[in-house]
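Shown here: protein37.txt, compact mmCIF, C-alpha atoms.
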# COMPACT_ATOMS: atom_id res chain seq x y z
CA MET B 1097 197.12 94.64 212.83
CA LYS B 1098 193.89 92.66 212.66
CA THR B 1099 191.98 95.62 214.10
CA ARG B 1100 193.34 97.91 211.40
CA LYS B 1101 192.34 95.44 208.65
CA ILE B 1102 188.83 95.18 210.09
CA LEU B 1103 188.56 98.98 210.25
CA ASN B 1104 189.79 99.27 206.64
CA LEU B 1105 187.25 96.69 205.50
CA LEU B 1106 184.46 98.51 207.34
CA LEU B 1107 185.53 101.80 205.78
CA LEU B 1108 185.60 100.22 202.33
CA ALA B 1109 182.14 98.71 202.86
CA MET B 1110 180.78 102.13 203.92
CA LEU B 1111 182.30 103.79 200.83
CA VAL B 1112 180.82 101.16 198.49
CA SER B 1113 177.40 101.58 200.15
CA ALA B 1114 177.60 105.36 199.75
CA VAL B 1115 178.56 105.06 196.05
CA LEU B 1116 175.71 102.61 195.38
CA ALA B 1117 173.21 104.83 197.18
CA THR B 1118 174.39 107.87 195.21
CA ALA B 1119 174.07 105.95 191.93
CA ALA B 1120 170.56 104.78 192.82
CA ASN B 1121 169.51 108.32 193.75
CA ALA B 1122 170.96 109.64 190.48
CA GLN B 1123 168.96 107.07 188.50
CA GLU B 1124 165.63 108.12 190.05
CA PRO B 1125 165.63 111.68 188.61
CA ALA B 1126 166.85 110.33 185.26
CA GLN B 1127 163.97 107.81 185.16
CA GLU B 1128 161.51 110.51 186.17
CA ALA B 1129 162.72 112.68 183.28
CA LEU B 1130 162.37 109.79 180.84
CA ASN B 1131 158.84 108.95 182.05
CA LYS B 1132 157.82 112.57 181.41
CA LEU B 1133 158.42 111.94 177.71
CA LEU B 1134 155.23 109.85 177.76
CA HIS B 1135 152.56 112.31 178.87
CA GLY B 1136 149.09 112.99 177.49
CA THR B 1137 145.95 111.33 176.18
CA TYR B 1138 146.03 109.07 173.12
CA ALA B 1139 143.41 107.45 170.89
CA SER B 1140 144.41 103.80 170.60
CA SER B 1141 143.50 101.21 167.98
CA ALA B 1142 144.80 97.68 168.54
CA SER B 1143 144.25 94.11 167.48
CA ARG B 1144 144.81 91.20 169.83
CA THR B 1145 144.81 87.42 169.37
CA CYS B 1146 144.77 85.15 172.42
CA ILE B 1147 144.83 81.42 173.11
CA PHE B 1148 143.30 80.28 176.40
CA ALA B 1149 144.10 77.15 178.40
CA GLY B 1150 143.82 76.13 182.02
CA PRO B 1151 141.62 74.10 184.35
CA PRO B 1152 138.28 75.09 182.73
CA PHE B 1153 139.55 73.56 179.46
CA GLY B 1154 141.41 70.63 181.03
CA THR B 1155 144.66 71.87 179.50
CA PHE B 1156 147.80 73.83 180.42
CA PHE B 1157 150.78 75.59 178.82
CA ASP B 1158 154.14 73.86 179.20
CA GLU B 1159 157.56 75.54 179.44
CA ASN B 1160 157.64 75.82 175.61
CA LEU B 1161 154.29 77.67 175.66
CA GLU B 1162 152.61 74.69 173.99
CA ILE B 1163 149.20 73.43 175.05
CA GLN B 1164 149.20 70.09 176.85
CA PRO B 1165 147.88 67.46 176.40
CA VAL B 1166 149.01 67.67 172.78
CA GLY B 1167 146.12 68.04 170.36
CA SER B 1168 143.64 68.99 173.07
CA GLU B 1169 140.98 71.65 172.68
CA SER B 1170 141.65 75.28 173.51
CA LEU B 1171 139.86 78.57 173.01
CA ALA B 1172 141.08 81.18 170.54
CA GLN B 1173 139.84 84.76 170.73
CA TRP B 1174 140.38 87.74 168.44
CA ALA B 1175 139.75 91.31 169.52
CA ALA B 1176 139.63 94.68 167.78
CA LEU B 1177 140.10 97.34 170.46
CA SER B 1178 139.33 101.06 170.42
CA THR B 1179 140.36 102.83 173.63
CA THR B 1180 141.67 106.06 175.10
CA VAL B 1181 144.98 105.80 176.95
CA THR B 1182 146.17 108.49 179.36
CA TYR B 1183 149.83 108.60 180.42
CA ASN B 1184 150.37 110.83 183.46
CA GLY B 1185 154.07 111.51 182.87
CA ASP B 1186 155.01 109.84 186.16
CA GLY B 1187 154.94 106.17 185.17
CA THR B 1188 151.22 105.69 185.78
CA GLY B 1189 148.13 105.92 183.60
CA ARG B 1190 144.76 104.52 182.63
CA GLU B 1191 143.11 102.95 179.58
CA VAL B 1192 139.34 102.96 178.99
CA GLY B 1193 137.22 101.95 176.04
CA GLY B 1194 136.09 98.72 174.50
CA GLY B 1195 136.24 96.40 171.57
CA THR B 1196 134.70 93.63 169.57
CA PHE B 1197 135.66 90.12 170.65
CA LEU B 1198 135.36 87.05 168.41
CA ASN B 1199 135.74 83.40 169.34
CA ASP B 1200 134.34 80.00 168.38
CA ALA B 1201 130.99 80.89 169.93
CA GLY B 1202 130.55 84.12 167.93
CA GLY B 1203 131.13 87.82 168.44
CA PHE B 1204 130.26 90.24 171.22
CA PRO B 1205 131.16 93.79 172.28
CA GLY B 1206 132.88 94.42 175.59
CA PRO B 1207 134.23 97.29 177.70
CA LEU B 1208 137.81 97.53 178.90
CA VAL B 1209 139.30 99.37 181.90
CA CYS B 1210 143.01 99.10 182.75
CA ASP B 1211 145.25 100.85 185.27
CA LEU B 1212 148.79 100.93 183.96
CA THR B 1213 152.37 101.53 184.96
CA TYR B 1214 155.15 102.23 182.48
CA VAL B 1215 158.88 102.82 182.18
CA VAL B 1216 160.43 104.83 179.33
CA ASN B 1217 163.91 103.75 178.22
CA PHE B 1218 166.81 105.85 176.89
CA ASP B 1219 166.07 104.83 173.28
CA GLN B 1220 162.46 106.09 173.73
CA SER B 1221 161.07 102.58 173.81
CA PHE B 1222 158.78 101.90 176.75
CA ASP B 1223 157.36 98.96 178.71
CA VAL B 1224 153.78 98.98 179.96
CA THR B 1225 152.11 96.70 182.50
CA LYS B 1226 148.31 96.86 182.48
CA GLN B 1227 146.07 95.65 185.30
CA CYS B 1228 142.71 95.23 183.56
CA GLY B 1229 139.35 94.58 185.11
CA PRO B 1230 135.67 94.67 184.29
CA ALA B 1231 133.86 97.95 183.71
CA VAL B 1232 130.97 98.77 186.03
CA GLY B 1233 127.92 96.77 185.05
CA THR B 1234 129.84 94.10 183.11
CA PRO B 1235 128.23 90.69 183.78
CA LEU B 1236 131.45 88.65 183.40
CA GLN B 1237 133.86 89.79 186.12
CA LEU B 1238 137.26 89.03 184.57
CA SER B 1239 140.55 90.61 185.65
CA PHE B 1240 144.00 90.08 184.11
CA GLU B 1241 147.46 91.56 183.54
CA LEU B 1242 148.94 92.43 180.14
CA VAL B 1243 152.53 93.41 179.36
CA GLU B 1244 153.24 95.47 176.24
CA ASN B 1245 156.22 97.15 174.66
CA GLY B 1246 156.18 100.31 172.61
CA HIS B 1247 158.17 103.05 170.96
CA ILE B 1248 157.65 106.81 170.97
CA GLN B 1249 157.47 108.26 167.44
CA ARG B 1250 157.21 111.82 166.03
CA GLY B 1251 158.17 113.55 169.25
CA GLY B 1252 155.50 111.78 171.25
CA GLY B 1253 152.69 112.32 168.73
CA VAL B 1254 152.50 108.64 167.77
CA LEU B 1255 153.09 105.48 169.80
CA ILE B 1256 153.57 102.00 168.31
CA THR B 1257 152.82 99.11 170.69
CA SER B 1258 153.24 95.34 170.51
CA ASN B 1259 154.28 92.30 172.52
CA SER B 1260 157.97 91.64 172.01
CA GLU B 1261 157.71 88.04 173.19
CA PRO B 1262 154.88 85.70 174.19
CA ARG B 1263 154.21 85.19 177.86
CA VAL B 1264 151.64 83.24 179.85
CA GLY B 1265 149.19 85.42 181.75
CA THR B 1266 146.40 84.59 184.17
CA VAL B 1267 142.77 85.64 183.92
CA PHE B 1268 140.90 85.64 187.23
CA ALA B 1269 137.33 84.59 186.50
CA PRO B 1270 135.10 84.16 189.57
CA GLY B 1271 132.32 82.73 187.38
CA PHE B 1272 134.39 79.66 186.53
CA PRO B 1273 134.55 76.73 189.01
CA GLU B 1274 138.37 76.94 189.30
CA GLY B 1275 138.35 80.75 189.42
CA PHE B 1276 141.09 81.30 186.82
CA PHE B 1277 142.54 80.26 183.47
CA GLU B 1278 145.69 81.07 181.49
CA PHE B 1279 146.29 82.83 178.20
CA ILE B 1280 148.95 83.84 175.69
CA CYS B 1281 148.26 86.95 173.61
CA VAL B 1282 149.96 88.76 170.77
CA GLN B 1283 148.94 92.34 170.14
CA SER B 1284 149.88 95.30 167.98
CA GLY B 1285 148.49 98.80 168.03
CA THR B 1286 148.90 102.45 167.18
CA GLN B 1287 148.18 105.40 169.47
CA MET B 1288 147.68 108.97 168.24
CA LYS B 1289 148.00 111.89 170.65
CA LEU B 1290 144.80 113.79 171.38
CA SER B 1291 145.96 116.19 174.09
CA GLY B 1292 148.72 116.92 176.55
CA PRO B 1293 152.13 118.57 176.59
Using structure tokens, write down the structure from this file.
Amino acid sequence: MKTRKILNLLLLAMLVSAVLATAANAQEPAQEALNKLLHGTYASSASRTCIFAGPPFGTFFDENLEIQPVGSESLAQWAALSTTVTYNGDGTGREVGGGTFLNDAGGFPGPLVCDLTYVVNFDQSFDVTKQCGPAVGTPLQLSFELVENGHIQRGGGVLITSNSEPRVGTVFAPGFPEGFFEFICVQSGTQMKLSGP
């Protein structure tokens, strides 16, 4: 009797594993088809506002995304970005271009290079994770990760991007004594299709 129960349990476990594996395999082609909706090269115009904290400033963000110690100094930066974004249709892509950056010290131009991964959802919204680093020849060697959300408009001809919620990111900055600092950014942008299917 016990042997039969054990065999039944093993059989049930094998069936559940097979169903889960089949469901996972079915999701992969569906996700591939969705990611193909985002394919081509886009001209992007975006504005970004960031607040920086971390060891170089003697501050940090707490769990409420507030700078501690309260009332301490931080660095605010505004950026107007003009880039070209290429989505490969397979969940990967690349962004290149530059922008004008403004902070308390003044304004300066700067290049931008990001490798990206993305996932398109059933409602034609999409989530993008960008790994950004310095362009060749840039004196300040900063690298960081940005997360954006977007929505496909006009059959893929227009993309609207933003940050749906604030999140703390890390900038790796070898030129600083501690090697890194933290930031929170909000961003919105529009992308117009230049080429692609």
Let me make sure I understand: among B:Gln1220, B:Gln1287, B:Gln1227, B:Thr1155, which one has the smallest atom-to-atom distance to Leu1130 (chain B) if we use only C-alpha atoms?
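Smallest distance to Leu1130 (chain B) is found for B:Gln1220.
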Contacts of Cys1228 (chain B) within 7 Å, all atoms listed in the file, excl. fewer than 5 positions in-chain, as a list in words
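Close residues of Cys1228 (chain B): Val1209, Cys1210, Asp1211, Ser1239, Phe1240 and Glu1241 of chain B.
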Non-local contacts of Leu1255 (chain B) (12 Å; only C-alpha atoms; under 6 positions in same chain excluded) as a count of residues only
29
Selection: 6 Å around Ala1175 (chain B), only C-alpha atoms, excl. self and same-chain fewer than 4 positions, as a list in words:
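Everything that qualifies: Ser1143, Arg1144, Thr1196 and Phe1197 of chain B.
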Calculated over only C-alpha atoms, which of the candidates B:Ser1168, B:Leu1161, B:Ser1291, B:Phe1276 has the smallest distance to Val1254 (chain B)?
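Smallest distance to Val1254 (chain B) is found for B:Ser1291.
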Residue with smallest distance to Gly1265 (chain B) - pool B:Thr1182, B:Thr1225, B:Gln1164, B:Ser1170, counting all atoms listed in the file:
B:Thr1225
So how far away is CA of Val1215 (chain B) from CA of Gln1283 (chain B), in Å?
18.8 Å
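Of the listed residues B:Val1216, B:Ile1256, B:Ala1149, B:Leu1242, the one whose atoms come nearest to Ala1172 (chain B) is B:Ala1149, with distances taken using all atoms listed in the file.
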Work out how far CA of Pro1262 (chain B) is from CA of Leu1177 (chain B), in Å to one decimal.
19.2 Å
Pull out region 1240-1263 of chain B, keep N, CA and C atoms, and write it as a PDB file, in the first residue's frame.
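Result file follows (out.pdb):
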ATOM      1  N   PHE B1240      26.660  53.059 -15.363  1.00  0.00           N
ATOM      2  CA  PHE B1240      25.473  52.996 -14.520  1.00  0.00           C
ATOM      3  C   PHE B1240      24.386  52.216 -15.240  1.00  0.00           C
ATOM      4  N   GLU B1241      23.335  51.861 -14.483  1.00  0.00           N
ATOM      5  CA  GLU B1241      22.184  51.146 -15.021  1.00  0.00           C
ATOM      6  C   GLU B1241      20.940  52.007 -14.867  1.00  0.00           C
ATOM      7  N   LEU B1242      20.134  52.079 -15.928  1.00  0.00           N
ATOM      8  CA  LEU B1242      18.857  52.790 -15.895  1.00  0.00           C
ATOM      9  C   LEU B1242      17.736  51.826 -16.245  1.00  0.00           C
ATOM     10  N   VAL B1243      16.601  51.977 -15.597  1.00  0.00           N
ATOM     11  CA  VAL B1243      15.414  51.184 -15.919  1.00  0.00           C
ATOM     12  C   VAL B1243      14.319  52.139 -16.376  1.00  0.00           C
ATOM     13  N   GLU B1244      13.739  51.865 -17.534  1.00  0.00           N
ATOM     14  CA  GLU B1244      12.682  52.705 -18.086  1.00  0.00           C
ATOM     15  C   GLU B1244      11.482  51.849 -18.463  1.00  0.00           C
ATOM     16  N   ASN B1245      10.350  52.510 -18.589  1.00  0.00           N
ATOM     17  CA  ASN B1245       9.135  51.865 -19.055  1.00  0.00           C
ATOM     18  C   ASN B1245       8.650  52.637 -20.276  1.00  0.00           C
ATOM     19  N   GLY B1246       7.947  51.958 -21.161  1.00  0.00           N
ATOM     20  CA  GLY B1246       7.470  52.644 -22.343  1.00  0.00           C
ATOM     21  C   GLY B1246       6.204  52.028 -22.885  1.00  0.00           C
ATOM     22  N   HIS B1247       5.696  52.642 -23.947  1.00  0.00           N
ATOM     23  CA  HIS B1247       4.513  52.110 -24.609  1.00  0.00           C
ATOM     24  C   HIS B1247       4.652  52.329 -26.107  1.00  0.00           C
ATOM     25  N   ILE B1248       4.302  51.301 -26.869  1.00  0.00           N
ATOM     26  CA  ILE B1248       4.364  51.358 -28.325  1.00  0.00           C
ATOM     27  C   ILE B1248       3.111  52.052 -28.841  1.00  0.00           C
ATOM     28  N   GLN B1249       3.296  53.086 -29.658  1.00  0.00           N
ATOM     29  CA  GLN B1249       2.182  53.847 -30.226  1.00  0.00           C
ATOM     30  C   GLN B1249       2.243  53.782 -31.752  1.00  0.00           C
ATOM     31  N   ARG B1250       1.104  54.004 -32.415  1.00  0.00           N
ATOM     32  CA  ARG B1250       1.012  54.129 -33.866  1.00  0.00           C
ATOM     33  C   ARG B1250       1.692  52.973 -34.602  1.00  0.00           C
ATOM     34  N   GLY B1251       1.385  51.761 -34.142  1.00  0.00           N
ATOM     35  CA  GLY B1251       1.912  50.581 -34.812  1.00  0.00           C
ATOM     36  C   GLY B1251       3.414  50.431 -34.759  1.00  0.00           C
ATOM     37  N   GLY B1252       4.031  51.027 -33.758  1.00  0.00           N
ATOM     38  CA  GLY B1252       5.481  50.947 -33.616  1.00  0.00           C
ATOM     39  C   GLY B1252       6.201  52.156 -34.162  1.00  0.00           C
ATOM     40  N   GLY B1253       5.473  53.128 -34.712  1.00  0.00           N
ATOM     41  CA  GLY B1253       6.113  54.326 -35.257  1.00  0.00           C
ATOM     42  C   GLY B1253       6.567  55.307 -34.203  1.00  0.00           C
ATOM     43  N   VAL B1254       5.923  55.272 -33.034  1.00  0.00           N
ATOM     44  CA  VAL B1254       6.245  56.197 -31.946  1.00  0.00           C
ATOM     45  C   VAL B1254       6.329  55.412 -30.640  1.00  0.00           C
ATOM     46  N   LEU B1255       7.321  55.726 -29.830  1.00  0.00           N
ATOM     47  CA  LEU B1255       7.463  55.140 -28.502  1.00  0.00           C
ATOM     48  C   LEU B1255       7.462  56.260 -27.469  1.00  0.00           C
ATOM     49  N   ILE B1256       6.732  56.067 -26.383  1.00  0.00           N
ATOM     50  CA  ILE B1256       6.721  57.009 -25.265  1.00  0.00           C
ATOM     51  C   ILE B1256       7.412  56.314 -24.100  1.00  0.00           C
ATOM     52  N   THR B1257       8.417  56.950 -23.506  1.00  0.00           N
ATOM     53  CA  THR B1257       9.162  56.319 -22.412  1.00  0.00           C
ATOM     54  C   THR B1257       9.130  57.206 -21.166  1.00  0.00           C
ATOM     55  N   SER B1258       9.255  56.552 -20.017  1.00  0.00           N
ATOM     56  CA  SER B1258       9.285  57.266 -18.736  1.00  0.00           C
ATOM     57  C   SER B1258       9.804  56.305 -17.668  1.00  0.00           C
ATOM     58  N   ASN B1259       9.855  56.799 -16.442  1.00  0.00           N
ATOM     59  CA  ASN B1259      10.124  55.946 -15.288  1.00  0.00           C
ATOM     60  C   ASN B1259       8.829  55.840 -14.512  1.00  0.00           C
ATOM     61  N   SER B1260       8.293  54.643 -14.354  1.00  0.00           N
ATOM     62  CA  SER B1260       7.005  54.510 -13.686  1.00  0.00           C
ATOM     63  C   SER B1260       7.116  54.729 -12.184  1.00  0.00           C
ATOM     64  N   GLU B1261       8.269  54.472 -11.616  1.00  0.00           N
ATOM     65  CA  GLU B1261       8.455  54.713 -10.182  1.00  0.00           C
ATOM     66  C   GLU B1261       9.933  54.976  -9.912  1.00  0.00           C
ATOM     67  N   PRO B1262      10.219  55.800  -8.905  1.00  0.00           N
ATOM     68  CA  PRO B1262      11.631  56.109  -8.617  1.00  0.00           C
ATOM     69  C   PRO B1262      12.354  54.898  -8.053  1.00  0.00           C
ATOM     70  N   ARG B1263      13.621  54.804  -8.364  1.00  0.00           N
ATOM     71  CA  ARG B1263      14.427  53.705  -7.838  1.00  0.00           C
ATOM     72  C   ARG B1263      15.861  54.187  -7.692  1.00  0.00           C
TER      73      ARG B1263
END
